[in-house]
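Undergrad: Below is the file entry.txt, with compact mmCIF, C-alpha atoms and all ligand atoms.
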```
# COMPACT_ATOMS: atom_id res chain seq x y z
CA MET A 1 17.52 11.23 -387.23
CA SER A 2 15.97 13.94 -389.37
CA SER A 3 17.88 16.57 -391.29
CA SER A 4 17.58 20.32 -390.96
CA ALA A 5 15.23 22.22 -393.26
CA GLU A 6 15.59 25.68 -394.79
CA ILE A 7 12.15 27.13 -394.11
CA ARG A 8 12.97 30.52 -395.69
CA PRO A 9 16.21 31.73 -397.24
CA ASP A 10 18.85 31.56 -394.48
CA VAL A 11 16.26 30.53 -391.87
CA PHE A 12 16.57 26.89 -390.82
CA TRP A 13 14.61 24.46 -388.68
CA VAL A 14 17.24 22.60 -386.62
CA GLY A 15 14.98 20.85 -384.13
CA ALA A 16 14.51 17.26 -383.05
CA ARG A 17 11.69 14.79 -383.62
CA HIS A 18 10.53 12.55 -380.78
CA PRO A 19 7.70 10.46 -382.27
CA GLU A 20 7.96 7.61 -379.78
CA LEU A 21 7.39 9.82 -376.72
CA GLU A 22 4.28 8.58 -374.92
CA ILE A 23 3.96 11.00 -371.99
CA PHE A 24 5.40 14.51 -372.16
CA ASP A 25 7.14 15.53 -368.91
CA GLU A 26 5.69 12.37 -367.37
CA LEU A 27 2.42 14.31 -367.16
CA PHE A 28 0.66 14.65 -370.51
CA PRO A 29 -0.05 11.64 -372.72
CA THR A 30 0.87 12.15 -376.38
CA ARG A 31 -0.70 10.23 -379.25
CA ASN A 32 2.02 11.07 -381.78
CA GLY A 33 5.01 12.08 -379.64
CA THR A 34 6.30 15.62 -379.96
CA THR A 35 9.03 17.72 -381.54
CA TYR A 36 11.50 20.14 -379.98
CA ASN A 37 11.73 22.84 -382.63
CA ALA A 38 14.77 25.09 -382.77
CA TYR A 39 15.90 27.50 -385.46
CA LEU A 40 18.98 29.10 -386.97
CA VAL A 41 18.92 32.52 -388.65
CA ARG A 42 21.96 33.31 -390.78
CA GLY A 43 22.19 37.09 -391.17
CA SER A 44 24.76 38.78 -393.39
CA GLU A 45 26.71 39.86 -390.28
CA LYS A 46 25.62 37.67 -387.40
CA ILE A 47 24.31 34.16 -386.90
CA ALA A 48 21.64 33.55 -384.28
CA LEU A 49 20.09 30.41 -382.88
CA ILE A 50 16.57 30.46 -381.52
CA ASP A 51 16.20 27.93 -378.70
CA THR A 52 17.85 24.50 -378.48
CA VAL A 53 16.41 21.03 -377.91
CA LYS A 54 15.91 18.45 -375.15
CA GLU A 55 19.25 17.21 -373.81
CA MET A 56 18.94 13.70 -375.26
CA PHE A 57 19.01 15.22 -378.76
CA THR A 58 22.09 17.41 -378.18
CA GLU A 59 24.44 15.60 -380.56
CA GLU A 60 21.81 15.50 -383.29
CA TYR A 61 21.20 19.23 -382.84
CA LEU A 62 24.89 20.14 -382.96
CA ASP A 63 25.32 17.96 -386.01
CA LYS A 64 22.49 19.79 -387.79
CA LEU A 65 24.02 23.17 -386.93
CA GLN A 66 27.49 22.19 -388.11
CA LYS A 67 26.16 21.15 -391.48
CA ILE A 68 24.93 24.73 -391.95
CA VAL A 69 27.59 26.86 -390.20
CA PRO A 70 30.74 26.22 -388.14
CA LEU A 71 29.79 26.35 -384.43
CA ALA A 72 32.61 28.88 -383.97
CA ASP A 73 30.71 31.33 -386.22
CA ILE A 74 27.55 31.43 -384.11
CA ASP A 75 27.15 34.78 -382.33
CA MET A 76 24.08 34.40 -380.19
CA VAL A 77 21.42 32.04 -378.96
CA VAL A 78 17.99 33.36 -378.13
CA VAL A 79 16.49 31.52 -375.18
CA ASN A 80 12.79 32.21 -375.50
CA HIS A 81 12.11 30.01 -372.45
CA THR A 82 14.52 28.18 -370.15
CA GLU A 83 12.61 24.95 -369.56
CA PRO A 84 14.91 21.97 -370.21
CA ASP A 85 13.03 20.78 -373.30
CA HIS A 86 14.38 23.95 -374.96
CA THR A 87 17.70 24.50 -373.18
CA GLY A 88 18.82 20.87 -372.98
CA ALA A 89 21.64 21.42 -375.50
CA LEU A 90 22.66 24.87 -374.29
CA GLY A 91 25.36 23.72 -371.87
CA ARG A 92 27.16 21.62 -374.47
CA LEU A 93 26.81 24.36 -377.10
CA LEU A 94 28.44 26.90 -374.78
CA GLU A 95 31.19 24.47 -373.80
CA ILE A 96 32.11 24.25 -377.48
CA ASN A 97 31.74 27.97 -378.14
CA PRO A 98 31.74 30.01 -374.89
CA GLU A 99 31.65 33.25 -376.89
CA ILE A 100 28.02 32.73 -377.88
CA GLU A 101 25.90 35.35 -376.14
CA VAL A 102 22.63 34.18 -374.58
CA TRP A 103 19.70 36.53 -375.17
CA CYS A 104 16.82 36.14 -372.74
CA THR A 105 14.45 37.94 -370.37
CA ARG A 106 15.38 38.96 -366.81
CA PRO A 107 13.54 35.98 -365.27
CA GLY A 108 15.16 33.83 -367.96
CA GLU A 109 18.61 34.98 -366.84
CA ASN A 110 17.78 34.14 -363.23
CA PHE A 111 16.57 30.68 -364.16
CA LEU A 112 19.64 30.03 -366.33
CA LYS A 113 21.89 30.82 -363.36
CA GLN A 114 20.06 28.19 -361.35
CA LEU A 115 19.91 25.63 -364.15
CA PHE A 116 23.53 25.89 -365.32
CA ALA A 117 26.66 26.05 -363.21
CA GLN A 118 28.84 27.19 -366.11
CA PRO A 119 29.41 30.92 -366.67
CA MET A 120 27.69 32.36 -369.72
CA LYS A 121 27.54 35.73 -371.41
CA THR A 122 23.98 36.94 -371.20
CA HIS A 123 22.06 39.85 -372.66
CA VAL A 124 18.75 40.69 -371.00
CA VAL A 125 16.23 42.01 -373.51
CA SER A 126 13.56 44.64 -372.98
CA GLU A 127 10.11 44.73 -374.56
CA GLY A 128 10.32 45.43 -378.28
CA GLU A 129 14.14 45.47 -378.34
CA GLU A 130 15.70 44.62 -381.70
CA VAL A 131 19.05 43.22 -382.71
CA SER A 132 20.41 43.46 -386.23
CA LEU A 133 22.03 40.41 -387.79
CA GLY A 134 22.88 42.47 -390.90
CA ASP A 135 20.18 41.84 -393.45
CA ARG A 136 17.94 40.29 -390.78
CA THR A 137 16.51 41.62 -387.54
CA LEU A 138 15.23 39.91 -384.43
CA ARG A 139 12.64 41.67 -382.29
CA PHE A 140 11.76 40.46 -378.82
CA LEU A 141 8.24 40.51 -377.39
CA LEU A 142 7.86 39.54 -373.75
CA ALA A 143 5.21 36.88 -373.17
CA PRO A 144 5.44 36.05 -369.46
CA ASN A 145 3.76 32.82 -368.37
CA LEU A 146 3.32 31.41 -371.85
CA HIS A 147 4.60 29.11 -370.40
CA TRP A 148 6.94 30.22 -367.57
CA PRO A 149 7.56 33.74 -366.22
CA ASP A 150 10.71 33.81 -368.38
CA THR A 151 8.96 33.35 -371.72
CA MET A 152 9.24 35.65 -374.72
CA PHE A 153 8.55 35.55 -378.46
CA THR A 154 11.06 36.41 -381.16
CA TYR A 155 9.87 38.08 -384.36
CA LEU A 156 11.79 38.18 -387.64
CA PRO A 157 10.26 41.16 -389.50
CA GLU A 158 11.98 40.60 -392.87
CA GLU A 159 10.28 37.21 -393.16
CA GLN A 160 7.30 38.02 -390.93
CA ILE A 161 7.94 34.92 -388.83
CA LEU A 162 7.00 34.64 -385.17
CA PHE A 163 9.06 32.20 -383.11
CA SER A 164 6.55 31.68 -380.34
CA CYS A 165 8.21 29.02 -378.20
CA ASP A 166 5.59 26.96 -376.31
CA ALA A 167 2.67 29.18 -377.38
CA PHE A 168 0.63 28.06 -380.40
CA GLY A 169 2.36 24.68 -380.28
CA ALA A 170 1.15 21.11 -379.92
CA HIS A 171 2.66 17.85 -378.80
CA PHE A 172 2.43 16.19 -382.18
CA CYS A 173 5.12 14.74 -384.41
CA GLY A 174 3.77 14.23 -387.93
CA ASP A 175 5.51 13.04 -391.07
CA GLY A 176 5.90 16.59 -392.42
CA LEU A 177 7.30 19.76 -390.92
CA TYR A 178 4.27 21.96 -391.62
CA LYS A 179 0.69 21.79 -390.41
CA ASP A 180 -0.52 21.53 -394.03
CA GLN A 181 1.61 18.39 -394.51
CA VAL A 182 0.31 16.32 -391.61
CA GLU A 183 -2.95 14.81 -390.47
CA ASP A 184 -5.38 16.88 -388.43
CA PHE A 185 -3.99 17.53 -384.95
CA SER A 186 -6.61 19.98 -383.71
CA TYR A 187 -7.30 17.67 -380.74
CA GLU A 188 -3.63 17.89 -379.67
CA PHE A 189 -3.59 21.66 -380.25
CA ARG A 190 -6.55 22.14 -377.93
CA TYR A 191 -5.34 19.59 -375.35
CA TYR A 192 -1.97 21.39 -375.22
CA PHE A 193 -3.74 24.70 -374.61
CA ASP A 194 -5.93 23.17 -371.89
CA THR A 195 -3.12 21.44 -370.04
CA ILE A 196 -0.25 23.92 -370.47
CA MET A 197 -1.57 27.37 -371.31
CA ARG A 198 -5.01 27.54 -369.75
CA PRO A 199 -3.95 28.56 -366.22
CA PHE A 200 -2.56 31.82 -367.65
CA LYS A 201 -5.53 33.26 -369.55
CA GLU A 202 -4.91 36.86 -368.57
CA LYS A 203 -1.31 36.62 -369.75
CA ILE A 204 -2.47 34.95 -372.95
CA ARG A 205 -4.78 37.88 -373.64
CA GLU A 206 -1.84 40.28 -373.18
CA ALA A 207 0.43 38.25 -375.46
CA VAL A 208 -2.24 37.85 -378.13
CA ALA A 209 -2.69 41.63 -378.18
CA LYS A 210 1.00 41.99 -379.02
CA VAL A 211 0.93 39.65 -381.99
CA GLU A 212 -2.56 39.73 -383.49
CA ASP A 213 -1.79 42.79 -385.64
CA LEU A 214 1.73 41.75 -386.62
CA PRO A 215 2.25 40.94 -390.28
CA LEU A 216 2.64 37.17 -390.08
CA THR A 217 3.43 34.66 -392.78
CA MET A 218 4.46 31.88 -390.42
CA ILE A 219 4.33 30.92 -386.74
CA CYS A 220 7.17 28.67 -385.66
CA PRO A 221 6.34 27.22 -382.26
CA SER A 222 8.69 25.03 -380.23
CA HIS A 223 6.49 21.94 -380.36
CA GLY A 224 4.64 20.40 -383.26
CA PRO A 225 4.14 21.43 -386.88
CA LEU A 226 4.98 24.92 -388.18
CA LEU A 227 2.04 27.09 -389.17
CA ARG A 228 2.52 28.69 -392.59
CA ARG A 229 -1.06 28.71 -393.90
CA GLU A 230 -3.30 31.13 -392.05
CA PRO A 231 -0.97 31.39 -389.05
CA LEU A 232 -3.30 33.87 -387.40
CA ALA A 233 -5.91 31.14 -387.00
CA ALA A 234 -3.86 29.79 -384.08
CA VAL A 235 -3.73 33.25 -382.51
CA ARG A 236 -7.49 33.60 -382.91
CA SER A 237 -8.04 30.23 -381.24
CA TYR A 238 -5.96 31.32 -378.24
CA LYS A 239 -7.85 34.61 -378.16
CA ASP A 240 -11.21 32.82 -378.09
CA TRP A 241 -10.17 30.22 -375.53
CA ALA A 242 -8.61 32.82 -373.24
CA ALA A 243 -11.47 35.32 -373.47
CA ALA A 244 -12.68 36.70 -370.15
CA PRO A 245 -16.14 35.35 -369.27
CA PRO A 246 -18.87 38.00 -369.33
CA GLU A 247 -19.72 39.60 -365.97
CA GLY A 248 -23.14 38.41 -364.84
CA ALA A 249 -25.39 40.57 -362.72
CA ARG A 250 -25.98 37.73 -360.27
CA LYS A 251 -23.16 35.92 -358.52
CA GLN A 252 -22.89 32.37 -359.79
CA VAL A 253 -21.89 29.68 -357.33
CA LEU A 254 -20.63 26.30 -358.46
CA MET A 255 -21.63 23.61 -355.97
CA LEU A 256 -20.03 20.19 -356.32
CA THR A 257 -21.29 17.40 -354.14
CA LEU A 258 -20.29 13.88 -353.21
CA SER A 259 -22.65 12.01 -350.93
CA PRO A 260 -22.44 8.22 -350.54
CA HIS A 261 -25.37 8.03 -348.10
CA GLY A 262 -27.30 11.13 -349.11
CA ASN A 263 -26.54 13.09 -345.92
CA THR A 264 -24.09 15.57 -347.42
CA ARG A 265 -26.47 16.15 -350.34
CA HIS A 266 -29.27 16.70 -347.84
CA MET A 267 -27.18 19.51 -346.36
CA ALA A 268 -26.50 20.80 -349.87
CA ALA A 269 -30.22 21.26 -350.52
CA SER A 270 -30.48 23.70 -347.62
CA VAL A 271 -27.22 25.45 -348.48
CA ARG A 272 -28.55 25.90 -352.00
CA ALA A 273 -31.80 27.36 -350.69
CA GLY A 274 -29.75 29.84 -348.66
CA LEU A 275 -27.68 30.80 -351.70
CA GLU A 276 -30.80 31.36 -353.75
CA ASP A 277 -32.54 33.27 -350.91
CA ALA A 278 -29.63 35.69 -351.05
CA GLY A 279 -29.93 36.13 -354.81
CA ALA A 280 -27.12 33.93 -356.17
CA GLY A 281 -27.41 31.63 -359.15
CA VAL A 282 -26.40 28.06 -358.33
CA THR A 283 -24.91 25.48 -360.67
CA GLU A 284 -24.95 22.15 -358.87
CA PHE A 285 -23.38 18.89 -359.94
CA THR A 286 -22.58 15.60 -358.32
CA ILE A 287 -18.84 15.25 -358.75
CA ASN A 288 -18.99 11.95 -360.56
CA GLU A 289 -21.15 13.28 -363.38
CA LEU A 290 -18.49 15.74 -364.54
CA ASP A 291 -15.46 15.05 -366.67
CA ASP A 292 -12.32 17.15 -366.21
CA GLU A 293 -13.13 19.42 -369.13
CA ARG A 294 -16.55 20.32 -367.79
CA VAL A 295 -15.13 20.97 -364.32
CA ARG A 296 -12.62 23.40 -365.82
CA ASP A 297 -15.31 25.18 -367.82
CA GLU A 298 -17.57 25.59 -364.79
CA LEU A 299 -14.73 26.73 -362.53
CA GLU A 300 -13.96 29.50 -364.97
CA ARG A 301 -17.58 30.48 -365.50
CA CYS A 302 -18.67 30.70 -361.86
CA ASP A 303 -17.72 33.28 -359.26
CA ALA A 304 -17.23 30.92 -356.35
CA LEU A 305 -16.88 27.26 -355.46
CA LEU A 306 -18.69 25.26 -352.81
CA ILE A 307 -17.51 21.73 -352.15
CA ALA A 308 -19.74 19.32 -350.29
CA THR A 309 -17.71 16.35 -349.12
CA PRO A 310 -18.25 13.44 -346.77
CA THR A 311 -15.43 12.03 -344.66
CA ILE A 312 -14.45 8.46 -345.48
CA ASN A 313 -11.66 6.81 -343.49
CA HIS A 314 -10.54 10.15 -342.04
CA ASP A 315 -10.19 11.80 -345.45
CA ALA A 316 -12.06 13.35 -348.35
CA PRO A 317 -12.66 10.59 -350.93
CA PRO A 318 -10.64 10.43 -354.18
CA PRO A 319 -13.32 12.05 -356.43
CA VAL A 320 -13.09 15.18 -354.28
CA TRP A 321 -9.29 15.22 -354.59
CA ARG A 322 -9.69 14.89 -358.34
CA ILE A 323 -11.62 18.17 -358.37
CA LEU A 324 -8.99 19.78 -356.18
CA SER A 325 -6.25 18.60 -358.54
CA LEU A 326 -7.90 20.52 -361.39
CA LEU A 327 -8.03 23.90 -359.69
CA SER A 328 -4.47 24.85 -360.64
CA SER A 329 -5.11 24.05 -364.30
CA VAL A 330 -7.60 26.87 -364.85
CA THR A 331 -8.04 30.59 -364.36
CA PRO A 332 -10.88 30.60 -361.82
CA ARG A 333 -13.11 33.61 -362.11
CA GLY A 334 -13.05 34.21 -358.38
CA LYS A 335 -10.88 32.32 -355.94
CA VAL A 336 -13.53 32.20 -353.25
CA GLY A 337 -14.79 28.99 -351.74
CA ALA A 338 -16.37 27.18 -348.84
CA VAL A 339 -16.67 23.57 -347.74
CA PHE A 340 -19.29 21.57 -345.90
CA GLY A 341 -20.32 17.98 -345.40
CA SER A 342 -21.65 15.25 -343.22
CA PHE A 343 -19.53 12.63 -341.46
CA GLY A 344 -20.00 9.50 -339.42
CA TRP A 345 -17.02 9.06 -337.09
CA SER A 346 -14.45 11.80 -337.25
CA GLY A 347 -15.11 14.47 -339.93
CA GLU A 348 -11.63 15.47 -341.13
CA ALA A 349 -12.57 16.02 -344.79
CA VAL A 350 -13.95 19.55 -344.46
CA LYS A 351 -10.78 20.79 -342.77
CA LEU A 352 -8.51 18.97 -345.23
CA VAL A 353 -10.29 20.41 -348.24
CA GLU A 354 -10.22 23.88 -346.68
CA GLU A 355 -6.46 23.56 -346.20
CA ARG A 356 -6.04 22.58 -349.81
CA LEU A 357 -8.09 25.55 -351.00
CA ARG A 358 -6.11 27.92 -348.80
CA GLY A 359 -2.92 26.42 -350.20
CA LEU A 360 -4.18 27.35 -353.66
CA LYS A 361 -4.78 30.93 -352.45
CA TYR A 362 -8.55 30.66 -352.27
CA LYS A 363 -10.34 32.97 -349.87
CA LEU A 364 -12.62 31.12 -347.47
CA PRO A 365 -14.95 33.71 -345.94
CA LEU A 366 -16.83 31.16 -343.81
CA GLU A 367 -15.62 28.41 -341.55
CA GLY A 368 -16.59 25.01 -342.97
CA LEU A 369 -19.77 23.40 -341.74
CA SER A 370 -20.00 19.76 -340.79
CA PHE A 371 -22.65 17.65 -339.10
CA ARG A 372 -22.79 14.08 -337.98
CA PHE A 373 -24.83 11.58 -340.01
CA ARG A 374 -28.27 12.91 -341.02
CA PRO A 375 -28.47 16.63 -340.28
CA THR A 376 -31.26 17.64 -337.90
CA ALA A 377 -33.89 20.28 -338.65
CA GLU A 378 -31.78 22.70 -336.61
CA ASN A 379 -28.68 21.76 -338.60
CA MET A 380 -30.59 22.44 -341.81
CA VAL A 381 -31.38 25.97 -340.62
CA SER A 382 -27.65 26.45 -340.13
CA CYS A 383 -27.02 25.16 -343.64
CA ARG A 384 -29.46 27.63 -345.10
CA LYS A 385 -27.81 30.46 -343.19
CA PHE A 386 -24.42 29.21 -344.37
CA GLY A 387 -25.56 29.63 -347.98
CA ALA A 388 -26.95 33.11 -347.42
CA ASP A 389 -23.87 34.24 -345.47
CA PHE A 390 -21.65 32.96 -348.25
CA VAL A 391 -23.42 35.14 -350.83
CA GLN A 392 -23.17 38.15 -348.55
CA ALA A 393 -19.44 37.58 -348.18
CA LEU A 394 -19.14 37.21 -351.97
CA GLU A 395 -20.80 40.51 -352.60
CA LYS A 396 -18.59 42.40 -350.18
FE FE A 401 7.49 25.07 -371.36
FE FE A 402 8.16 23.24 -374.25
```
As structure tokens - that is how I would like this structure written.
TA:
Amino acid sequence: MSSSAEIRPDVFWVGARHPELEIFDELFPTRNGTTYNAYLVRGSEKIALIDTVKEMFTEEYLDKLQKIVPLADIDMVVVNHTEPDHTGALGRLLEINPEIEVWCTRPGENFLKQLFAQPMKTHVVSEGEEVSLGDRTLRFLLAPNLHWPDTMFTYLPEEQILFSCDAFGAHFCGDGLYKDQVEDFSYEFRYYFDTIMRPFKEKIREAVAKVEDLPLTMICPSHGPLLRREPLAAVRSYKDWAAAPPEGARKQVLMLTLSPHGNTRHMAASVRAGLEDAGAGVTEFTINELDDERVRDELERCDALLIATPTINHDAPPPVWRILSLLSSVTPRGKVGAVFGSFGWSGEAVKLVEERLRGLKYKLPLEGLSFRFRPTAENMVSCRKFGADFVQALEK
């Protein structure tokens, strides 16, 4: 168990270290575990906590707090984000001191009601609202979707510290508390952005605009090392990675193909000709040549997605489902798609992939096209028309 750390006068790190964690949330592999950072600000009149920790570290967290202040003296807890890795100790804390007021956003309050049966005193904050702790102030900046709709940042102007919750964090538990005390974790910082933040690029741009001009001496995220040297570098990275792609004059279509016997790719050649006849740019890949990162990049760069899939054993094959599993992890430029492919016996794949795209709120302007075995010359004319019609629908 680690001890608390006074990161500035009367500002304490009271989080938990979890170096042996191998997969965060049973989803994201971690090389060096993670930390659940939480903070205590002792003002001359009021004492505030900023976030708590994962439930399994509750006793350790309470122990750290009690070594700094009696739990009965704590006035408020800021819940920047209600996800259990940050509210895991909240229930126990409020059992011990039910007078602690919970400060959160409106969506945060709704989520807390669903996550906790116990009554709690809540205060819903508005954008830019401040609370005085005496000689210290907390200012709240709403940051919806970084990572949940409930998320906000808390800023401590007297120390110029931003408590950014999940944003600007990393799943990395080093030997030191600060980025400048641990080995390079830029891979983890980027992986965390790609897997957790990337679907919300527009929201990231809005949040970055709120903090990029703030005087900042430190960013204290909820996971990973604290950023006290050049904290704005992390903000700039998010700004770059979340930048809107430039508008191209021509519509760009991403075409991903899988074709065990060459028939679906044969169709794709005519579809492509139709797309190009109608003036679109086409970026075509066979699915197996792309890693996840490249798929994400192309999905965000192109205006529309065409999937060419065969049917194998009544289904689309696993490589196609891998692509479909990545769609929710990005901010697609345009959620417009279409599906086509060749089949031998039954041909379910096109419909199944269409259903999946619709489920992800894609618009499908054309009904999917499928032909049996090797498409005929007549079929190929239909494929070419399919491509041209798709571009026309895109430009509407
Ligand atoms: Fe989160
Ligand atoms: Fe988190």
Undergrad: List the neighbours of segment 351-353 of chain A out to 9 Å using only C-alpha atoms; skip same-chain residues closer than 2 positions along the sequence, and give me the result as a list in words.
TA: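 Using only C-alpha atoms, the neighbours found are Ile307, Thr309, Asp315, Ala316, Val320, Trp321, Leu324, Val339, Gly347, Glu348, Ala349, Glu355, Arg356, Leu357, Arg358 and Gly368 of chain A.
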Undergrad: Do you have, as CSV, the list of residues of chain A lying at most 6 Å from ligand FE 401 (chain A), each with its nearest atom pair and that distance in Å to one decimal, counting only C-alpha atoms and all ligand atoms and ordered by chain then number?
TA:
```
residue,atom,partner,partner_atom,distance
A:Glu83,CA,A:FE401,FE,5.4
A:His147,CA,A:FE401,FE,5.1
A:Asp166,CA,A:FE401,FE,5.6
```
Undergrad: At what distance in Å, to one decimal, does atom CA of Cys302 of chain A lie from atom CA of Ala249 of chain A?
TA: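 Atom CA of Cys302 of chain A lies at a distance of 12.0 Å from atom CA of Ala249 of chain A.
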Undergrad: Check every protein, DNA and RNA residue against ligand FE 402 (chain A), keep those with an atom at most 9 Å away (counting all atoms listed in the file), and present them as a list of chain:residue names.
TA: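 Using all atoms listed in the file, I find these residues within 9 Å of ligand FE 402 (chain A): A:Tyr36, A:His81, A:Glu83, A:Pro84, A:Asp85, A:His86, A:His147, A:Cys165, A:Asp166, A:Ala167, A:Gly169, A:His171, A:Ser222, A:His223.
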Undergrad: Please provide the set of residues having any atom within 12 Å of segment 194-196 of chain A, restricted to all atoms listed in the file, with same-chain residues fewer than 5 positions apart removed, written as a PyMOL selection string.
TA: chain A and resi 24-25+27-30+145-148+166-171+187-189+201+204+237-238+241-242+292-294+296-297+326-331
Undergrad: Put those residues in a file: C-alpha atoms, as a short mmCIF file (atom, residue, chain, number, x, y, z; two decimals), in the coordinates of the input.
TA:
```
data_model
loop_
_atom_site.label_atom_id
_atom_site.label_comp_id
_atom_site.auth_asym_id
_atom_site.auth_seq_id
_atom_site.Cartn_x
_atom_site.Cartn_y
_atom_site.Cartn_z
CA PHE A 24 5.40 14.51 -372.16
CA ASP A 25 7.14 15.53 -368.91
CA LEU A 27 2.42 14.31 -367.16
CA PHE A 28 0.66 14.65 -370.51
CA PRO A 29 -0.05 11.64 -372.72
CA THR A 30 0.87 12.15 -376.38
CA ASN A 145 3.76 32.82 -368.37
CA LEU A 146 3.32 31.41 -371.85
CA HIS A 147 4.60 29.11 -370.40
CA TRP A 148 6.94 30.22 -367.57
CA ASP A 166 5.59 26.96 -376.31
CA ALA A 167 2.67 29.18 -377.38
CA PHE A 168 0.63 28.06 -380.40
CA GLY A 169 2.36 24.68 -380.28
CA ALA A 170 1.15 21.11 -379.92
CA HIS A 171 2.66 17.85 -378.80
CA TYR A 187 -7.30 17.67 -380.74
CA GLU A 188 -3.63 17.89 -379.67
CA PHE A 189 -3.59 21.66 -380.25
CA LYS A 201 -5.53 33.26 -369.55
CA ILE A 204 -2.47 34.95 -372.95
CA SER A 237 -8.04 30.23 -381.24
CA TYR A 238 -5.96 31.32 -378.24
CA TRP A 241 -10.17 30.22 -375.53
CA ALA A 242 -8.61 32.82 -373.24
CA ASP A 292 -12.32 17.15 -366.21
CA GLU A 293 -13.13 19.42 -369.13
CA ARG A 294 -16.55 20.32 -367.79
CA ARG A 296 -12.62 23.40 -365.82
CA ASP A 297 -15.31 25.18 -367.82
CA LEU A 326 -7.90 20.52 -361.39
CA LEU A 327 -8.03 23.90 -359.69
CA SER A 328 -4.47 24.85 -360.64
CA SER A 329 -5.11 24.05 -364.30
CA VAL A 330 -7.60 26.87 -364.85
CA THR A 331 -8.04 30.59 -364.36
#
```
Undergrad: Rank A:Phe172, A:Phe163, A:Phe185, A:Phe200 by their smallest atom-to-atom distance to Met218 of chain A, using all atoms listed in the file, and report the top residue only.
TA: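 Comparing A:Phe172, A:Phe163, A:Phe185, A:Phe200 against Met218 of chain A, the winner is A:Phe163.
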Undergrad: For Pro149 of chain A, which residue among A:Thr105, A:Thr87, A:Ser3, A:Asn32 is the nearest when counting all atoms listed in the file?
TA: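 Using all atoms listed in the file, the shortest distance to Pro149 of chain A belongs to A:Thr105.
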Undergrad: Calculate how many Å separate atom CA of Thr82 of chain A from atom CA of Glu55 of chain A, rounding to one decimal.
TA: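 These atoms are spaced 12.5 Å apart.
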Undergrad: Up to 9 Å from (12.6, 34.5, -384.1) in the file's coordinates: name the residues, counting all atoms listed in the file, as a ChimeraX atom specification.
TA: /A:39-41,49-50,78,80,137-140,153-157,161-164,220
Undergrad: To one decimal in Å, tell me the separation between atom CA of Gly88 of chain A and atom CA of Phe57 of chain A.
TA: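 If I compute the distance from atom CA of Gly88 of chain A to atom CA of Phe57 of chain A, I get 8.1 Å.
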Undergrad: Which residue out of A:Gly108, A:Pro144, A:Gly91, A:Gly134 has the minimum interatomic distance to Arg42 of chain A when only C-alpha atoms are used?
TA: A:Gly134
Undergrad: Looking at only C-alpha atoms, which of A:Met255, A:Leu115, A:Val208, A:Ala308 is the one that sits closest to Ala233 of chain A?
TA: A:Val208
Undergrad: Could you give me, as a JSON list (two decimals) with C-alpha atoms, in the coordinates of the input, the residues within 10 Å of Phe373 of chain A, counting only C-alpha atoms and dropping anything in the same chain fewer than 6 positions from it?
TA:
```json
[["chain", "number", "residue", "atom", "x", "y", "z"],
["A", 261, "HIS", "CA", -25.37, 8.03, -348.10],
["A", 262, "GLY", "CA", -27.30, 11.13, -349.11],
["A", 263, "ASN", "CA", -26.54, 13.09, -345.92],
["A", 264, "THR", "CA", -24.09, 15.57, -347.42],
["A", 310, "PRO", "CA", -18.25, 13.44, -346.77],
["A", 341, "GLY", "CA", -20.32, 17.98, -345.40],
["A", 342, "SER", "CA", -21.65, 15.25, -343.22],
["A", 343, "PHE", "CA", -19.53, 12.63, -341.46],
["A", 344, "GLY", "CA", -20.00, 9.50, -339.42],
["A", 345, "TRP", "CA", -17.02, 9.06, -337.09]]
```
Undergrad: So, with all atoms listed in the file as the atoms that count, which of A:Gly387, A:Gly33, A:Gly174, A:Gly337 lies closest to Gly274 of chain A?
TA: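 Once distances to Gly274 of chain A are computed over all atoms listed in the file, the minimum belongs to A:Gly387.
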Undergrad: Residues within 10 Å of Gly43 of chain A, please, as an MDAnalysis selection string. Count only C-alpha atoms; anything in the same chain fewer than 6 positions from it doesn't count.
TA: chainID A and resid 10:11 132:137
Undergrad: Take the selection from the previous step and output its residues with C-alpha atoms, as a compact mmCIF listing (two decimals), in the coordinates of the input.
TA:
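Heads up, here's the output in again.txt:
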```txt
# COMPACT_ATOMS: atom_id res chain seq x y z
CA ASP A 10 18.85 31.56 -394.48
CA VAL A 11 16.26 30.53 -391.87
CA SER A 132 20.41 43.46 -386.23
CA LEU A 133 22.03 40.41 -387.79
CA GLY A 134 22.88 42.47 -390.90
CA ASP A 135 20.18 41.84 -393.45
CA ARG A 136 17.94 40.29 -390.78
CA THR A 137 16.51 41.62 -387.54
```
Undergrad: Counting all atoms listed in the file, figure out which residue out of A:Asn97, A:Thr286, A:Gln181, A:Ser126 gets nearest to Arg228 of chain A.
TA: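 Nearest candidate to Arg228 of chain A out of A:Asn97, A:Thr286, A:Gln181, A:Ser126: A:Gln181.
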Undergrad: Could you pull out every residue with an atom within 10 Å of (22.9, 26.7, -378.3), file coordinates, counting only C-alpha atoms, and send them as a PyMOL selection string?
TA: chain A and resi 38+40+48-53+58+61-62+65+71+74-79+86-97+100-102
